[in-house]
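Note sheet for the following structure.
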Amino acid sequence: MINVKLRDDVRQFEDGISALEIAKQISPALCKVCCSCKIDGIVSDLKTSINSDCEIEFLTFDDEDGRKTFRHSASHVLAQAVKRLYPEVKLAIGPAIDNGFYYDFDCDFSFTQDMLDKIEDEMKKIVKENLPIEKHEMTPDEAIAYMESKGEIYKVELIKEHADKGENITFYKQGEFDELCAGPHLPSTGAIKAFKIISCTGAYWRGNEKNKMLQRIYATAFPKAAVLEEYLTQLEEAKKRDHNKLGRELELFTTTDIIGQGLPILLPKGARIIQTLQRFVEDEEQKRGWLLTKTPYMAKRELYQLSGHWDHYRDGMFVLGDPDSEGEVFALRPMTCPFQYQAYLNRARSYRDLPLRYNETSTLFRNEASGEMHGLIRVRQFTISEGHLMCRPDQLEQEFKNCLELAIYMLKTLGLYEDVSYRFSQWDPADTEKYIGTPEQWDEAQGVMARILDHLEIPYKVGVGEAAFYGPKLDIQIKNVHGKEDTLITIQIDQMLAEKFGMEYVDSDGSKKNPYIIHRTSIGCYERTLALLIEKYAGAFPLWLAPEQIRIVPIADRHLDKAYEVKKQLADSGIIRVEVDDRSEKLGYKLREAQLQKVPYMLVIGDKEAETNTVSVRKRFEGDIGSSSVEDFILKAKDEIDNKVIG
């Protein structure tokens, strides 16, 4: 007999019993909803045999790991359906993702909608067949020979990468379909009741544009049809809010092939929003003791060699010249830290100078892979609210807290705070070549950061391997309307680069010490923030951010003079993003167009308004809200702008 610790108690079972049988004995209802389990903390198949004392946690679709198991099993159903219909197709990878799953295929044709419909129908047949999903193993040599015999070149490549570890290679078989996979999986295909193919797009093998372009089928899956229908409704709403579509329709930004991928052009409306954000951020940072710098967009490679970017980040940099030549070579900056360090080194520093806070509205350049770029979310040139803070050890926690408070203030002001989560990004001790510093330095830096985060009661998840090459960081994460998560704001603790750059201060006892450095952004990348704001508000920005805040609509040509007089009154009060629709069009047409352009306020002027110095006020979502004197409207609008109202 073995002892199995469950959530509430410890029970005894026969040696060799499966986790699935344990679930059945506990509750038939639990067994029906289980996707996988954790055995001593390791996510495992429900069919796994238990041969020793352990602790088991059963995972349902409501658990992240259970949901991944469910959807990864669905990706195998998708791949099996494709292979049944198109046996010549070669398989690549098919992971679960936040909002579903995908599978990459190498084929000589493009999937049409008719083909996708047939694939979906075949998936339904596979689910109806309720095929058992069985795990088995091979040695690396056997696995390579097996996949070579099937012509699965991508699987062979993946197996060879793991062959030197000396471990067996795992496969999962369902009916005639046998797939290289680490698992875990559902017990059978019949549990996947509700699924839908969403789209098909191109994707480079391993995200590298130098590799072959594959076809990626995106899909999603749920345990119940009703939940799937709800999700599909949300997806339709997300498409309407997609910044890549809506931002172009509202003429906020555009892109052109002749300029290049990942290099968007901000059109006047989009540029005005970015300008408004930048002024707000720089003014707020100044209030909080940050000192503005302006540093070059490029530097000699020697600067990046000193910082470590040349060795650890060069593939992500735009290098000007031959990087292997002995002559002078420059590179566009991927971040501002080594430049602002030179400002610190401009003169000798004392402990009395600290904390020293430098901020900069920095334009940066990163050589993102073609397959990774998307609208304004991920681009090759972007502008960021960057800052670096040098402080003493006794100042570190308070300064970190101040940086976090600034970020939270920005998020709340923009209306994004409720949408974010926190990730404590740490180094990966198994991949030390990615980082500078010793294990002892990393343990110290991460220990300091963990104490600060725990003391501040920040609810974070840990991301192993997500740290910067020079230190751990707190990433403030946010999802776009499609569920894809990106980092919006980072706050990093760095105790390594100060020493590399010779940054010192004279302490109160006369000794020389290296300061701690906090790398931080206050609002993150402006382009990404704009994208998220477009999606958050569906292009209907709060009044203080709107590129056109008010549109004055004269009913007839005889009201034009009054319309421009009102515009001047607004401008004299400080409200300057005002337009007059002076076209000879019908009133209804003008108002509908203003609505489509998502202008917050429309001021209609006719005979009565012209005579009484009033305006008929229409609000974007409420329609006609009545007549107002120009003076009263100005007071109300200025209050809404000054207080940055988002409702």
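Ordering of the structure tokens sets the chain letters (A, B, ...); residue numbers start at 1 within each chain; ligands are numbered from 1 in the order shown.
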| query | Near range 512-527 of chain A, within 8 Å and counting only C-alpha atoms, which residues show up once chain neighbours fewer than 3 positions away are dropped, as a count of residues only? | reply | 43
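Every protein, DNA or RNA residue with an atom at most 8 Å from His374 in chain A, where only C-alpha atoms count and chain neighbours fewer than 4 positions away do not, is listed here: Asn244, Gly262, Arg378 and Val379 of chain A.
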Output file for the residues above (N, CA and C atoms, as a compact mmCIF listing (two decimals), in the first residue's frame):
```txt
# COMPACT_ATOMS: atom_id res chain seq x y z
N ASN A 244 -4.61 47.19 -34.46
CA ASN A 244 -4.01 47.16 -35.79
C ASN A 244 -5.03 47.50 -36.88
N GLY A 262 7.77 46.87 -38.83
CA GLY A 262 8.10 47.28 -37.48
C GLY A 262 8.52 48.72 -37.34
N ARG A 378 4.69 45.42 -30.94
CA ARG A 378 6.10 45.02 -31.01
C ARG A 378 6.68 45.56 -32.30
N VAL A 379 7.61 46.51 -32.17
CA VAL A 379 8.16 47.22 -33.32
C VAL A 379 9.68 47.29 -33.22
```
- Could you jot down the CA of Pro268 in chain A to CA of Arg618 in chain A separation for me, Å, one decimal place?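 Taking CA of Pro268 in chain A and CA of Arg618 in chain A, their separation equals 24.6 Å.
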Could you give me, as a VMD selection string, each residue of range 226-329 of chain A that DSSP assigns to strand (DSSP E or B) when run on this structure's backbone? chain A and resid 253 to 254 265 to 266 291 to 292 298 to 300 319 to 320
Practice item. May I ask for the distance between CA of Leu91 in chain A and CA of Phe105 in chain A, given in Å to one decimal place? Key: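 Separating CA of Leu91 in chain A from CA of Phe105 in chain A is a distance of 5.1 Å.
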If you count only C-alpha atoms, the residue of A:Asp419, A:Asp108, A:Asp324, A:Asp582 closest to Trp310 in chain A turns out to be A:Asp324
Q.
Report as a PyMOL selection string all protein, DNA and RNA residues lying within 10 Å of Arg333 in chain A, evaluated on only C-alpha atoms, omitting residues in the same chain fewer than 5 positions from it.
A. chain A and resi 296-300+304+309+317-319+338-339+362-366
Store the residues picked out above, limited to C-alpha atoms, as an mmCIF file, in the first residue's frame.
```cif
data_model
loop_
_atom_site.group_PDB
_atom_site.id
_atom_site.type_symbol
_atom_site.label_atom_id
_atom_site.label_comp_id
_atom_site.auth_asym_id
_atom_site.auth_seq_id
_atom_site.Cartn_x
_atom_site.Cartn_y
_atom_site.Cartn_z
ATOM 1 C CA PRO A 296 22.716 59.956 -28.331
ATOM 2 C CA TYR A 297 20.834 57.404 -30.405
ATOM 3 C CA MET A 298 24.021 55.469 -31.135
ATOM 4 C CA ALA A 299 27.434 54.718 -29.691
ATOM 5 C CA LYS A 300 30.641 52.913 -30.483
ATOM 6 C CA TYR A 304 28.163 48.038 -25.496
ATOM 7 C CA HIS A 309 25.086 44.179 -24.537
ATOM 8 C CA MET A 317 20.863 45.318 -32.113
ATOM 9 C CA PHE A 318 21.226 47.247 -35.355
ATOM 10 C CA VAL A 319 24.987 47.397 -35.972
ATOM 11 C CA PRO A 338 24.967 52.799 -20.511
ATOM 12 C CA PHE A 339 24.421 56.342 -21.805
ATOM 13 C CA SER A 362 14.263 57.536 -25.181
ATOM 14 C CA THR A 363 13.947 56.383 -28.766
ATOM 15 C CA LEU A 364 15.328 52.833 -28.944
ATOM 16 C CA PHE A 365 16.022 50.322 -31.711
ATOM 17 C CA ARG A 366 15.706 46.555 -31.464
#
```
Near range 131-147 of chain A, counting only C-alpha atoms, which residues have an atom at most 7 Å away, once you skip same-chain residues fewer than 3 positions from it, shown as a PDB file with N, CA and C atoms, in the first residue's frame?
```pdb
ATOM      1  N   LYS A 150       9.098   8.403 -41.190  1.00  0.00           N
ATOM      2  CA  LYS A 150       7.846   9.099 -41.492  1.00  0.00           C
ATOM      3  C   LYS A 150       8.077  10.402 -42.265  1.00  0.00           C
ATOM      4  N   GLY A 151       9.350  10.756 -42.463  1.00  0.00           N
ATOM      5  CA  GLY A 151       9.670  11.996 -43.168  1.00  0.00           C
ATOM      6  C   GLY A 151       9.416  13.248 -42.345  1.00  0.00           C
ATOM      7  N   GLU A 152       9.329  13.108 -41.028  1.00  0.00           N
ATOM      8  CA  GLU A 152       9.045  14.253 -40.154  1.00  0.00           C
ATOM      9  C   GLU A 152      10.355  14.948 -39.762  1.00  0.00           C
ATOM     10  N   LYS A 155      10.540  17.031 -36.447  1.00  0.00           N
ATOM     11  CA  LYS A 155      10.598  16.196 -35.248  1.00  0.00           C
ATOM     12  C   LYS A 155      12.008  15.630 -35.054  1.00  0.00           C
ATOM     13  N   VAL A 156      12.638  15.259 -36.168  1.00  0.00           N
ATOM     14  CA  VAL A 156      14.017  14.744 -36.083  1.00  0.00           C
ATOM     15  C   VAL A 156      14.933  15.816 -35.506  1.00  0.00           C
ATOM     16  N   ILE A 159      14.344  16.057 -31.770  1.00  0.00           N
ATOM     17  CA  ILE A 159      14.868  14.900 -31.031  1.00  0.00           C
ATOM     18  C   ILE A 159      16.383  15.000 -30.902  1.00  0.00           C
ATOM     19  N   ALA A 163      18.946  14.523 -27.717  1.00  0.00           N
ATOM     20  CA  ALA A 163      19.572  13.192 -27.722  1.00  0.00           C
ATOM     21  C   ALA A 163      20.767  13.112 -26.784  1.00  0.00           C
ATOM     22  N   ASN A 168      15.294   8.919 -22.481  1.00  0.00           N
ATOM     23  CA  ASN A 168      14.369   8.414 -23.486  1.00  0.00           C
ATOM     24  C   ASN A 168      13.479   9.538 -24.011  1.00  0.00           C
ATOM     25  N   ILE A 169      12.986   9.358 -25.220  1.00  0.00           N
ATOM     26  CA  ILE A 169      12.118  10.338 -25.874  1.00  0.00           C
ATOM     27  C   ILE A 169      10.683   9.848 -25.766  1.00  0.00           C
ATOM     28  N   THR A 170       9.775  10.731 -25.340  1.00  0.00           N
ATOM     29  CA  THR A 170       8.387  10.326 -25.131  1.00  0.00           C
ATOM     30  C   THR A 170       7.518  10.657 -26.344  1.00  0.00           C
ATOM     31  N   PHE A 171       6.554   9.782 -26.585  1.00  0.00           N
ATOM     32  CA  PHE A 171       5.566   9.939 -27.656  1.00  0.00           C
ATOM     33  C   PHE A 171       4.171   9.728 -27.069  1.00  0.00           C
ATOM     34  N   TYR A 172       3.179  10.268 -27.754  1.00  0.00           N
ATOM     35  CA  TYR A 172       1.778  10.024 -27.385  1.00  0.00           C
ATOM     36  C   TYR A 172       1.037   9.542 -28.624  1.00  0.00           C
ATOM     37  N   LYS A 173       0.344   8.422 -28.452  1.00  0.00           N
ATOM     38  CA  LYS A 173      -0.330   7.772 -29.582  1.00  0.00           C
ATOM     39  C   LYS A 173      -1.845   7.798 -29.356  1.00  0.00           C
ATOM     40  N   GLN A 174      -2.583   8.182 -30.404  1.00  0.00           N
ATOM     41  CA  GLN A 174      -4.045   8.119 -30.381  1.00  0.00           C
ATOM     42  C   GLN A 174      -4.502   7.564 -31.726  1.00  0.00           C
ATOM     43  N   GLY A 175      -5.003   6.352 -31.722  1.00  0.00           N
ATOM     44  CA  GLY A 175      -5.331   5.692 -32.978  1.00  0.00           C
ATOM     45  C   GLY A 175      -4.083   5.511 -33.816  1.00  0.00           C
ATOM     46  N   LEU A 186      -4.741  14.459 -21.999  1.00  0.00           N
ATOM     47  CA  LEU A 186      -5.979  13.895 -21.499  1.00  0.00           C
ATOM     48  C   LEU A 186      -5.961  12.374 -21.681  1.00  0.00           C
ATOM     49  N   PRO A 187      -6.806  11.636 -20.964  1.00  0.00           N
ATOM     50  CA  PRO A 187      -6.841  10.176 -21.148  1.00  0.00           C
ATOM     51  C   PRO A 187      -7.321   9.754 -22.528  1.00  0.00           C
ATOM     52  N   SER A 188      -8.224  10.545 -23.149  1.00  0.00           N
ATOM     53  CA  SER A 188      -8.734  10.166 -24.471  1.00  0.00           C
ATOM     54  C   SER A 188      -9.205  11.407 -25.211  1.00  0.00           C
ATOM     55  N   THR A 189      -9.440  11.250 -26.510  1.00  0.00           N
ATOM     56  CA  THR A 189      -9.858  12.389 -27.334  1.00  0.00           C
ATOM     57  C   THR A 189     -11.306  12.787 -27.076  1.00  0.00           C
ATOM     58  N   GLY A 190     -12.095  11.919 -26.466  1.00  0.00           N
ATOM     59  CA  GLY A 190     -13.519  12.182 -26.306  1.00  0.00           C
ATOM     60  C   GLY A 190     -13.856  13.325 -25.374  1.00  0.00           C
TER      61      GLY A 190
END
```
For this session: Identify, on the basis of only C-alpha atoms, every residue whose closest approach to Leu533 in chain A does not exceed 9 Å; exclude the query and any residue fewer than 3 positions from it along the same chain; express the result as a ChimeraX atom specification.
Result: /A:243,414-416,528-530,536-539,541
From the list A:Pro554, A:Pro323, A:Pro184, A:Gly437, the nearest residue to Pro95 in chain A using only C-alpha atoms is A:Pro184
Worksheet item: Which residues, written as a PyMOL selection string, have at least one atom at most 12 Å from range 434-436 of chain A, with only C-alpha atoms counted and residues fewer than 5 positions away on the same chain left out?
Response: chain A and resi 306-309+311-313+426-429+441-442+465-472+494-497+499-500
Export of prior selection with C-alpha atoms as a short mmCIF file (atom, residue, chain, number, x, y, z; two decimals), in the first residue's frame:
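As a result, part.cif now contains:
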```
data_model
loop_
_atom_site.label_atom_id
_atom_site.label_comp_id
_atom_site.auth_asym_id
_atom_site.auth_seq_id
_atom_site.Cartn_x
_atom_site.Cartn_y
_atom_site.Cartn_z
CA LEU A 306 31.58 47.37 -21.48
CA SER A 307 27.88 47.11 -20.60
CA GLY A 308 27.64 43.50 -21.80
CA HIS A 309 25.09 44.18 -24.54
CA ASP A 311 28.06 39.80 -25.90
CA HIS A 312 24.54 39.18 -24.62
CA TYR A 313 22.27 41.24 -26.86
CA GLN A 426 14.57 35.72 -12.39
CA TRP A 427 17.66 34.25 -13.96
CA ASP A 428 17.94 30.63 -15.06
CA PRO A 429 20.86 28.99 -13.21
CA GLN A 441 25.54 37.96 -6.94
CA TRP A 442 22.31 36.72 -8.50
CA GLY A 465 14.79 32.80 -17.33
CA GLU A 466 12.98 36.11 -17.91
CA ALA A 467 15.50 38.34 -16.09
CA ALA A 468 17.65 40.90 -17.88
CA PHE A 469 21.20 39.67 -18.39
CA TYR A 470 22.39 41.97 -15.59
CA GLY A 471 19.68 41.60 -12.95
CA PRO A 472 16.21 40.50 -11.82
CA ASP A 494 21.03 45.95 -10.78
CA GLN A 495 24.11 45.60 -8.59
CA MET A 496 26.51 44.54 -11.35
CA LEU A 497 26.82 47.25 -14.00
CA GLU A 499 31.08 48.08 -10.89
CA LYS A 500 31.67 47.35 -14.59
#
```
message: Which residues are close to Leu591 in chain A, i.e. within 8 Å by only C-alpha atoms, leaving aside same-chain residues fewer than 3 positions away? Reply as number ranges by chain.
response: A: 553, 587-588, 594-595, 602
Would you mind exporting C-alpha atoms of the selected residues as a compact mmCIF listing (two decimals), in the first residue's frame?
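And here's part_2.txt as it stands now:
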```txt
# COMPACT_ATOMS: atom_id res chain seq x y z
CA VAL A 553 -20.94 71.78 -35.96
CA LEU A 587 -26.36 68.32 -39.86
CA GLY A 588 -27.14 64.59 -39.51
CA ALA A 594 -18.11 62.91 -35.72
CA GLN A 595 -19.52 59.85 -33.97
CA MET A 602 -20.02 67.90 -30.49
```
Exercise. If you measure from CA of Ser425 in chain A to CA of Lys473 in chain A, what distance in Å do you get, rounded to one decimal?
Worked result: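 Pair CA of Ser425 in chain A / CA of Lys473 in chain A returns 5.2 Å.
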Using only C-alpha atoms, the residue out of A:Thr361, A:Gln80, A:Ser584, A:Ser49 with shortest distance to Gln275 in chain A is A:Thr361
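In terms of minimum interatomic distance to Ile97 in chain A, A:Ala221 ranks closest within A:Ala221, A:Met335, A:Ile2, A:Leu404, counting only C-alpha atoms.
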